[in-house]
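The block underneath contains the structure these notes are about, expressed in structure tokens.
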There are 2 protein chains.
Amino acid sequence: MQITRAAEYGVLGLTALARRPLGEVVMVDVLCAEEEIPRSFLGKIFQNLAKAGIVKSARGSGGGFSLSRLPGQITALEIIEAIEGPIAFQRCLDEDLGCEHSGGCALCSLLAVAQNRVKEVFHATTLSDLAGRHIPNSAVTRARGKSRGKIPLAAA
Amino acid sequence: MQITRAAEYGVLGLTALARRPLGEVVMVDVLCAEEEIPRSFLGKIFQNLAKAGIVKSARGSGGGFSLSRLPGQITALEIIEAIEGPIAFQRCLDEDLGCEHSGGCALCSLLAVAQNRVKEVFHATTLSDLAGRHIPNSAVTRARGKSRGKIPLAAA
DNA sequence: TCAAACCGGACGGATCTCGTCCGGTATCCT
DNA sequence: AGGATACCGGACGAGATCCGTCCGGTTTGA
């Protein structure tokens, strides 16, 4: 019952992209430096985002990634499902291959409701919502020196 | 982003218990036969439920498990968290050990909202809700013979 | 032609999942 | 007292998933 690092990194990387002028092509090196994400992992994640049409990739020298839509038109649900696959609290809730327990499985109904709630939340949030409020870690640590201790929560 | 089998089995086992007169002591062998759950696994799961105070255990001959409260007073949230540990979409959302990304992490806020939605759903559902609508698999297969083909969904 | 940058598959260690097994202990029955 | 019964609890283990890394291949620009 957790989000994967891949999805986390994917969202973070996209916010970094979304903070720039629309259409700007950025290398993964830049993005992962900005958000402190392992380089080759983020590369792999962005391959999925490209395949899902969220991001466009440009190869060769001067290449990189750019958003293929406005940040306000990309939902968190899209991003997360592009990386993790469809959100399904249980096997039988993904495609309707029927529940293995019984005809009217109460548990599956419950899980279906819960699952739809989180989908609603993710669907209602766009990348611009996320990018607006997010301050990249690298900026914070730079401003703070390298004190690696407890972080006073800023901004409620 | 999935519920574990353990939680699934736990809920199922408890519904079997909840269908009986309150306080009746039932062996795990009976419960797992009824719900078609591996015996030793369910035993282990019920240990957690006992530790969480959801179920009472009786040892020795004639022993087994019984609900320690009315089914209407046991929430799905309790059950699931007793088995899986606290629901936390991300490490930083469990106890407040602060987000590793930044002060005002937008992603964590989003995940927190989604997580609370599912907690609400689980909290609003009781064991009696689940037990009422659930027909154990064993009963279905008995009534149907051993046709292992596609199951026509009964009851909307 | 060369270097830059993404593509995509293989690999690998760590962790989690899904159980099983077995000796220990508490309880009941005779 | 002595068994038989049933839960307790820890160890074990196969398999899957997670979290990345690596490297050869391909595309592109200079």
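Residue numbering restarts at 1 for every chain of the structure tokens, chains are lettered A, B, ... in their displayed order, and ligands are numbered from 1 as they appear.
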Write out as a list in words which residues come within 8 Å of Ile80 in chain A when counting only C-alpha atoms (C1' of nucleotides), dropping same-chain ones fewer than 5 positions away.
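Counting only the stated atoms, we get Ala7, Gly10, Val11 and Gly85 of chain A.
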List as a Markdown table every residue of chain A that is in contact with chain D, defined as an atom at most 10 Å from one of its atoms (using only C-alpha atoms (C1' of nucleotides)), together with the nearest atom pair and the distance in Å rounded to one decimal, sorted by chain and then rising number.
```
| residue | atom | partner | partner_atom | distance |
| --- | --- | --- | --- | --- |
| A:Thr4 | CA | D:DC18 | C1' | 7.8 |
| A:Arg5 | CA | D:DC19 | C1' | 7.7 |
| A:Ala6 | CA | D:DC19 | C1' | 8.2 |
| A:Pro38 | CA | D:DG20 | C1' | 8.0 |
| A:Arg39 | CA | D:DG20 | C1' | 9.6 |
| A:Ser40 | CA | D:DT21 | C1' | 7.2 |
| A:Phe41 | CA | D:DG20 | C1' | 6.0 |
| A:Leu42 | CA | D:DG20 | C1' | 9.6 |
| A:Lys44 | CA | D:DG20 | C1' | 9.8 |
| A:Ala58 | CA | D:DT28 | C1' | 8.4 |
| A:Arg59 | CA | D:DT27 | C1' | 5.7 |
| A:Gly60 | CA | D:DT28 | C1' | 3.9 |
| A:Ser61 | CA | D:DG29 | C1' | 5.6 |
| A:Gly62 | CA | D:DG29 | C1' | 7.2 |
| A:Gly63 | CA | D:DT28 | C1' | 8.0 |
```
Export, as a CSV table (one decimal), in the first residue's frame, the selected residues with all heavy atoms.
```
chain,number,residue,atom,x,y,z
A,4,THR,N,5.6,3.8,-5.4
A,4,THR,CA,6.9,3.4,-5.6
A,4,THR,C,7.8,4.6,-5.7
A,4,THR,O,7.4,5.7,-6.0
A,4,THR,CB,7.1,2.5,-6.8
A,4,THR,OG1,6.7,3.3,-7.9
A,4,THR,CG2,6.3,1.3,-6.7
A,5,ARG,N,9.1,4.4,-5.5
A,5,ARG,CA,10.1,5.5,-5.7
A,5,ARG,C,10.0,6.0,-7.2
A,5,ARG,O,10.2,7.2,-7.4
A,5,ARG,CB,11.5,5.0,-5.5
A,5,ARG,CG,11.8,4.6,-4.0
A,5,ARG,CD,12.7,5.6,-3.4
A,5,ARG,NE,13.0,5.2,-2.1
A,5,ARG,CZ,13.0,6.1,-1.0
A,5,ARG,NH1,12.8,7.4,-1.2
A,5,ARG,NH2,13.2,5.7,0.2
A,6,ALA,N,9.8,5.0,-8.1
A,6,ALA,CA,9.8,5.4,-9.5
A,6,ALA,C,8.7,6.5,-9.7
A,6,ALA,O,9.0,7.5,-10.4
A,6,ALA,CB,9.5,4.2,-10.3
A,38,PRO,N,18.7,9.6,-8.6
A,38,PRO,CA,19.8,8.9,-9.3
A,38,PRO,C,19.5,9.0,-10.8
A,38,PRO,O,18.4,8.7,-11.3
A,38,PRO,CB,19.6,7.5,-8.9
A,38,PRO,CG,18.5,7.4,-7.9
A,38,PRO,CD,18.1,8.8,-7.5
A,39,ARG,N,20.6,9.3,-11.5
A,39,ARG,CA,20.5,9.7,-13.0
A,39,ARG,C,19.9,8.6,-13.8
A,39,ARG,O,19.0,8.8,-14.6
A,39,ARG,CB,21.9,10.0,-13.4
A,39,ARG,CG,22.4,9.6,-14.7
A,39,ARG,CD,22.0,10.7,-15.8
A,39,ARG,NE,21.5,10.0,-17.0
A,39,ARG,CZ,21.8,10.3,-18.2
A,39,ARG,NH1,22.6,11.3,-18.4
A,39,ARG,NH2,21.3,9.6,-19.2
A,40,SER,N,20.5,7.4,-13.8
A,40,SER,CA,20.1,6.4,-14.7
A,40,SER,C,18.6,5.9,-14.4
A,40,SER,O,17.9,5.4,-15.3
A,40,SER,CB,21.0,5.2,-14.8
A,40,SER,OG,21.4,4.9,-13.5
A,41,PHE,N,18.2,6.0,-13.2
A,41,PHE,CA,16.9,5.6,-12.8
A,41,PHE,C,15.9,6.6,-13.4
A,41,PHE,O,14.9,6.1,-14.0
A,41,PHE,CB,16.8,5.5,-11.3
A,41,PHE,CG,15.6,4.8,-10.8
A,41,PHE,CD1,14.9,3.9,-11.6
A,41,PHE,CD2,15.1,5.0,-9.5
A,41,PHE,CE1,13.8,3.2,-11.2
A,41,PHE,CE2,14.0,4.3,-9.0
A,41,PHE,CZ,13.4,3.4,-9.9
A,42,LEU,N,16.2,7.8,-13.3
A,42,LEU,CA,15.2,8.8,-13.9
A,42,LEU,C,15.1,8.7,-15.4
A,42,LEU,O,14.1,8.9,-16.0
A,42,LEU,CB,15.7,10.2,-13.5
A,42,LEU,CG,14.6,11.3,-13.8
A,42,LEU,CD1,13.4,11.1,-13.0
A,42,LEU,CD2,15.2,12.7,-13.5
A,44,LYS,N,15.3,6.0,-17.1
A,44,LYS,CA,14.4,4.9,-17.3
A,44,LYS,C,12.9,5.3,-17.1
A,44,LYS,O,12.0,4.9,-17.9
A,44,LYS,CB,14.8,3.7,-16.4
A,44,LYS,CG,14.3,2.4,-16.8
A,44,LYS,CD,15.4,1.4,-16.9
A,44,LYS,CE,16.2,1.5,-18.1
A,44,LYS,NZ,15.9,0.7,-19.2
A,58,ALA,N,13.9,14.0,-27.2
A,58,ALA,CA,14.7,14.4,-28.4
A,58,ALA,C,16.1,13.7,-28.2
A,58,ALA,O,16.7,13.9,-27.2
A,58,ALA,CB,14.8,15.9,-28.4
A,59,ARG,N,16.5,13.0,-29.2
A,59,ARG,CA,17.7,12.3,-29.1
A,59,ARG,C,18.9,13.1,-29.7
A,59,ARG,O,18.7,14.2,-30.3
A,59,ARG,CB,17.6,11.0,-29.8
A,59,ARG,CG,16.6,10.0,-29.2
A,59,ARG,CD,16.3,8.9,-30.0
A,59,ARG,NE,17.3,7.9,-30.0
A,59,ARG,CZ,17.1,6.6,-30.2
A,59,ARG,NH1,15.8,6.2,-30.3
A,59,ARG,NH2,18.0,5.7,-30.2
A,60,GLY,N,20.0,12.6,-29.5
A,60,GLY,CA,21.2,13.2,-30.1
A,60,GLY,C,21.6,14.4,-29.3
A,60,GLY,O,21.0,14.8,-28.3
A,61,SER,N,22.7,15.0,-29.7
A,61,SER,CA,23.3,16.2,-29.0
A,61,SER,C,22.3,17.3,-29.0
A,61,SER,O,21.5,17.5,-30.0
A,61,SER,CB,24.5,16.6,-29.8
A,61,SER,OG,24.7,18.0,-29.7
A,62,GLY,N,22.2,17.9,-27.9
A,62,GLY,CA,21.2,19.0,-27.7
A,62,GLY,C,19.8,18.4,-27.4
A,62,GLY,O,18.8,19.1,-27.3
A,63,GLY,N,19.7,17.1,-27.2
A,63,GLY,CA,18.5,16.4,-26.9
A,63,GLY,C,18.1,16.5,-25.4
A,63,GLY,O,18.7,17.2,-24.6
```
Please find the residues of chain C near chain A - the criterion being any atom within 7 Å, counting only C-alpha atoms (C1' of nucleotides) - and write them as a list in words.
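Per the criterion, chain C yields DA4, DA5 and DC6 of chain C.
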With all heavy atoms retained, could you export that selection as a PDB file, in the first residue's frame?
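Full text of part.pdb as output:
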```
ATOM      1  P    DA C   4      30.825  14.646 -25.657  1.00  0.00           P
ATOM      2  OP1  DA C   4      31.471  15.718 -24.859  1.00  0.00           O
ATOM      3  OP2  DA C   4      31.020  13.222 -25.296  1.00  0.00           O
ATOM      4  O5'  DA C   4      29.268  14.932 -25.696  1.00  0.00           O
ATOM      5  C5'  DA C   4      28.778  16.044 -26.432  1.00  0.00           C
ATOM      6  C4'  DA C   4      27.289  15.876 -26.681  1.00  0.00           C
ATOM      7  O4'  DA C   4      27.088  14.845 -27.673  1.00  0.00           O
ATOM      8  C3'  DA C   4      26.496  15.454 -25.445  1.00  0.00           C
ATOM      9  O3'  DA C   4      25.305  16.215 -25.396  1.00  0.00           O
ATOM     10  C2'  DA C   4      26.218  13.976 -25.683  1.00  0.00           C
ATOM     11  C1'  DA C   4      26.123  13.926 -27.209  1.00  0.00           C
ATOM     12  N9   DA C   4      26.443  12.631 -27.805  1.00  0.00           N
ATOM     13  C8   DA C   4      27.549  11.861 -27.572  1.00  0.00           C
ATOM     14  N7   DA C   4      27.576  10.742 -28.280  1.00  0.00           N
ATOM     15  C5   DA C   4      26.404  10.795 -29.023  1.00  0.00           C
ATOM     16  C6   DA C   4      25.840   9.916 -29.959  1.00  0.00           C
ATOM     17  N6   DA C   4      26.403   8.766 -30.339  1.00  0.00           N
ATOM     18  N1   DA C   4      24.664  10.269 -30.524  1.00  0.00           N
ATOM     19  C2   DA C   4      24.090  11.423 -30.147  1.00  0.00           C
ATOM     20  N3   DA C   4      24.532  12.336 -29.276  1.00  0.00           N
ATOM     21  C4   DA C   4      25.700  11.950 -28.746  1.00  0.00           C
ATOM     22  P    DA C   5      24.581  16.453 -23.947  1.00  0.00           P
ATOM     23  OP1  DA C   5      23.966  17.802 -23.966  1.00  0.00           O
ATOM     24  OP2  DA C   5      25.529  16.071 -22.877  1.00  0.00           O
ATOM     25  O5'  DA C   5      23.414  15.360 -23.954  1.00  0.00           O
ATOM     26  C5'  DA C   5      22.299  15.582 -24.800  1.00  0.00           C
ATOM     27  C4'  DA C   5      21.544  14.296 -25.028  1.00  0.00           C
ATOM     28  O4'  DA C   5      22.330  13.385 -25.801  1.00  0.00           O
ATOM     29  C3'  DA C   5      21.166  13.543 -23.754  1.00  0.00           C
ATOM     30  O3'  DA C   5      19.765  13.660 -23.537  1.00  0.00           O
ATOM     31  C2'  DA C   5      21.567  12.103 -24.021  1.00  0.00           C
ATOM     32  C1'  DA C   5      21.856  12.091 -25.519  1.00  0.00           C
ATOM     33  N9   DA C   5      22.897  11.136 -25.878  1.00  0.00           N
ATOM     34  C8   DA C   5      24.155  11.022 -25.354  1.00  0.00           C
ATOM     35  N7   DA C   5      24.866  10.041 -25.857  1.00  0.00           N
ATOM     36  C5   DA C   5      24.024   9.461 -26.778  1.00  0.00           C
ATOM     37  C6   DA C   5      24.174   8.366 -27.645  1.00  0.00           C
ATOM     38  N6   DA C   5      25.285   7.640 -27.720  1.00  0.00           N
ATOM     39  N1   DA C   5      23.127   8.059 -28.440  1.00  0.00           N
ATOM     40  C2   DA C   5      22.016   8.789 -28.367  1.00  0.00           C
ATOM     41  N3   DA C   5      21.752   9.843 -27.586  1.00  0.00           N
ATOM     42  C4   DA C   5      22.809  10.124 -26.808  1.00  0.00           C
ATOM     43  P    DC C   6      18.979  12.827 -22.359  1.00  0.00           P
ATOM     44  OP1  DC C   6      18.008  13.781 -21.817  1.00  0.00           O
ATOM     45  OP2  DC C   6      19.966  12.182 -21.475  1.00  0.00           O
ATOM     46  O5'  DC C   6      18.198  11.700 -23.171  1.00  0.00           O
ATOM     47  C5'  DC C   6      17.239  12.115 -24.121  1.00  0.00           C
ATOM     48  C4'  DC C   6      16.914  10.967 -25.064  1.00  0.00           C
ATOM     49  O4'  DC C   6      18.149  10.371 -25.527  1.00  0.00           O
ATOM     50  C3'  DC C   6      16.092   9.838 -24.442  1.00  0.00           C
ATOM     51  O3'  DC C   6      15.115   9.399 -25.396  1.00  0.00           O
ATOM     52  C2'  DC C   6      17.141   8.773 -24.173  1.00  0.00           C
ATOM     53  C1'  DC C   6      18.072   8.970 -25.365  1.00  0.00           C
ATOM     54  N1   DC C   6      19.434   8.429 -25.132  1.00  0.00           N
ATOM     55  C2   DC C   6      19.947   7.419 -25.953  1.00  0.00           C
ATOM     56  O2   DC C   6      19.247   6.970 -26.860  1.00  0.00           O
ATOM     57  N3   DC C   6      21.200   6.943 -25.716  1.00  0.00           N
ATOM     58  C4   DC C   6      21.920   7.446 -24.729  1.00  0.00           C
ATOM     59  N4   DC C   6      23.153   6.955 -24.545  1.00  0.00           N
ATOM     60  C5   DC C   6      21.423   8.480 -23.887  1.00  0.00           C
ATOM     61  C6   DC C   6      20.188   8.935 -24.109  1.00  0.00           C
TER      62       DC C   6
END
```
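For the residues A:Leu70, A:Ala131, A:Met1, A:Ile83, ranking by smallest atom-to-atom distance to chain B using only C-alpha atoms places A:Met1 first.
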Residues of range 9-65 of chain B classed as alpha helix (DSSP H) by DSSP on the backbone are to be reported as a PyMOL selection string.
chain B and resi 9-18+28-35+39-51
Can I get the selected residues back with N, CA, C and O atoms, as a compact mmCIF listing (two decimals), in the first residue's frame?
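After the write, again-v5.txt holds the following:
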```
# COMPACT_ATOMS: atom_id res chain seq x y z
N TYR B 9 -7.05 -12.25 3.34
CA TYR B 9 -7.40 -13.45 4.08
C TYR B 9 -7.93 -13.11 5.46
O TYR B 9 -8.86 -13.75 5.96
N GLY B 10 -7.31 -12.13 6.08
CA GLY B 10 -7.73 -11.74 7.42
C GLY B 10 -9.18 -11.30 7.43
O GLY B 10 -9.97 -11.73 8.26
N VAL B 11 -9.52 -10.43 6.50
CA VAL B 11 -10.89 -9.95 6.40
C VAL B 11 -11.85 -11.11 6.14
O VAL B 11 -12.87 -11.26 6.80
N LEU B 12 -11.47 -11.95 5.20
CA LEU B 12 -12.32 -13.08 4.85
C LEU B 12 -12.53 -14.00 6.06
O LEU B 12 -13.66 -14.42 6.34
N GLY B 13 -11.45 -14.29 6.75
CA GLY B 13 -11.56 -15.15 7.92
C GLY B 13 -12.47 -14.54 8.97
O GLY B 13 -13.26 -15.25 9.61
N LEU B 14 -12.35 -13.23 9.13
CA LEU B 14 -13.19 -12.57 10.14
C LEU B 14 -14.66 -12.57 9.73
O LEU B 14 -15.54 -12.69 10.60
N THR B 15 -14.94 -12.45 8.46
CA THR B 15 -16.35 -12.50 8.05
C THR B 15 -16.94 -13.87 8.38
O THR B 15 -18.08 -13.97 8.81
N ALA B 16 -16.12 -14.90 8.20
CA ALA B 16 -16.59 -16.24 8.54
C ALA B 16 -16.93 -16.32 10.02
O ALA B 16 -17.92 -16.95 10.41
N LEU B 17 -16.09 -15.68 10.80
CA LEU B 17 -16.31 -15.67 12.25
C LEU B 17 -17.56 -14.85 12.58
O LEU B 17 -18.34 -15.20 13.47
N ALA B 18 -17.74 -13.76 11.85
CA ALA B 18 -18.83 -12.83 12.16
C ALA B 18 -20.19 -13.40 11.78
O ALA B 18 -21.22 -12.95 12.29
N VAL B 28 -9.16 -22.36 13.57
CA VAL B 28 -8.73 -21.84 12.28
C VAL B 28 -8.99 -22.85 11.17
O VAL B 28 -9.27 -22.48 10.04
N ASP B 29 -8.91 -24.13 11.49
CA ASP B 29 -9.17 -25.16 10.48
C ASP B 29 -10.54 -24.96 9.85
O ASP B 29 -10.71 -25.09 8.64
N VAL B 30 -11.51 -24.67 10.69
CA VAL B 30 -12.87 -24.47 10.20
C VAL B 30 -12.94 -23.22 9.32
O VAL B 30 -13.49 -23.25 8.22
N LEU B 31 -12.34 -22.15 9.81
CA LEU B 31 -12.40 -20.88 9.08
C LEU B 31 -11.73 -20.99 7.72
O LEU B 31 -12.27 -20.52 6.71
N CYS B 32 -10.57 -21.62 7.69
CA CYS B 32 -9.85 -21.64 6.42
C CYS B 32 -10.49 -22.63 5.46
O CYS B 32 -10.42 -22.43 4.24
N ALA B 33 -11.15 -23.64 5.96
CA ALA B 33 -11.89 -24.54 5.08
C ALA B 33 -13.04 -23.77 4.45
O ALA B 33 -13.30 -23.88 3.25
N GLU B 34 -13.70 -22.97 5.25
CA GLU B 34 -14.87 -22.23 4.79
C GLU B 34 -14.51 -21.20 3.72
O GLU B 34 -15.27 -20.98 2.78
N GLU B 35 -13.36 -20.56 3.88
CA GLU B 35 -13.00 -19.48 2.97
C GLU B 35 -11.90 -19.90 2.00
O GLU B 35 -11.41 -19.08 1.22
N ARG B 39 -4.15 -22.97 5.61
CA ARG B 39 -4.33 -23.10 7.03
C ARG B 39 -3.28 -22.39 7.87
O ARG B 39 -3.59 -21.58 8.75
N SER B 40 -2.01 -22.67 7.64
CA SER B 40 -0.99 -22.14 8.53
C SER B 40 -0.81 -20.63 8.35
O SER B 40 -0.39 -19.94 9.26
N PHE B 41 -1.17 -20.16 7.16
CA PHE B 41 -1.08 -18.72 6.91
C PHE B 41 -2.15 -17.98 7.69
O PHE B 41 -1.87 -16.98 8.36
N LEU B 42 -3.35 -18.52 7.68
CA LEU B 42 -4.43 -17.86 8.40
C LEU B 42 -4.16 -17.87 9.91
O LEU B 42 -4.47 -16.91 10.61
N GLY B 43 -3.55 -18.98 10.36
CA GLY B 43 -3.19 -19.04 11.77
C GLY B 43 -2.31 -17.88 12.17
O GLY B 43 -2.54 -17.18 13.15
N LYS B 44 -1.31 -17.65 11.34
CA LYS B 44 -0.38 -16.55 11.58
C LYS B 44 -1.07 -15.18 11.55
O LYS B 44 -0.81 -14.32 12.38
N ILE B 45 -1.96 -15.03 10.62
CA ILE B 45 -2.67 -13.76 10.49
C ILE B 45 -3.53 -13.51 11.73
O ILE B 45 -3.56 -12.40 12.26
N PHE B 46 -4.18 -14.55 12.18
CA PHE B 46 -5.05 -14.39 13.35
C PHE B 46 -4.27 -14.10 14.63
O PHE B 46 -4.79 -13.53 15.57
N GLN B 47 -3.01 -14.50 14.64
CA GLN B 47 -2.17 -14.11 15.78
C GLN B 47 -2.10 -12.60 15.87
O GLN B 47 -2.19 -12.02 16.95
N ASN B 48 -1.93 -11.94 14.71
CA ASN B 48 -1.88 -10.48 14.70
C ASN B 48 -3.20 -9.87 15.13
O ASN B 48 -3.24 -8.89 15.87
N LEU B 49 -4.29 -10.46 14.65
CA LEU B 49 -5.60 -9.95 15.00
C LEU B 49 -5.85 -10.08 16.50
O LEU B 49 -6.48 -9.23 17.12
N ALA B 50 -5.32 -11.17 17.07
CA ALA B 50 -5.46 -11.36 18.51
C ALA B 50 -4.65 -10.32 19.26
O ALA B 50 -5.12 -9.71 20.23
N LYS B 51 -3.43 -10.09 18.77
CA LYS B 51 -2.57 -9.11 19.42
C LYS B 51 -3.20 -7.72 19.36
O LYS B 51 -3.00 -6.91 20.26
```
Can you measure CA of Ala106 in chain A to CA of Leu127 in chain B for me? One decimal in Å is fine.
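So the answer is 10.1 Å.
Here CA of Glu8 in chain B is placed at a distance of 13.0 Å from C1' of DT17 in chain C.
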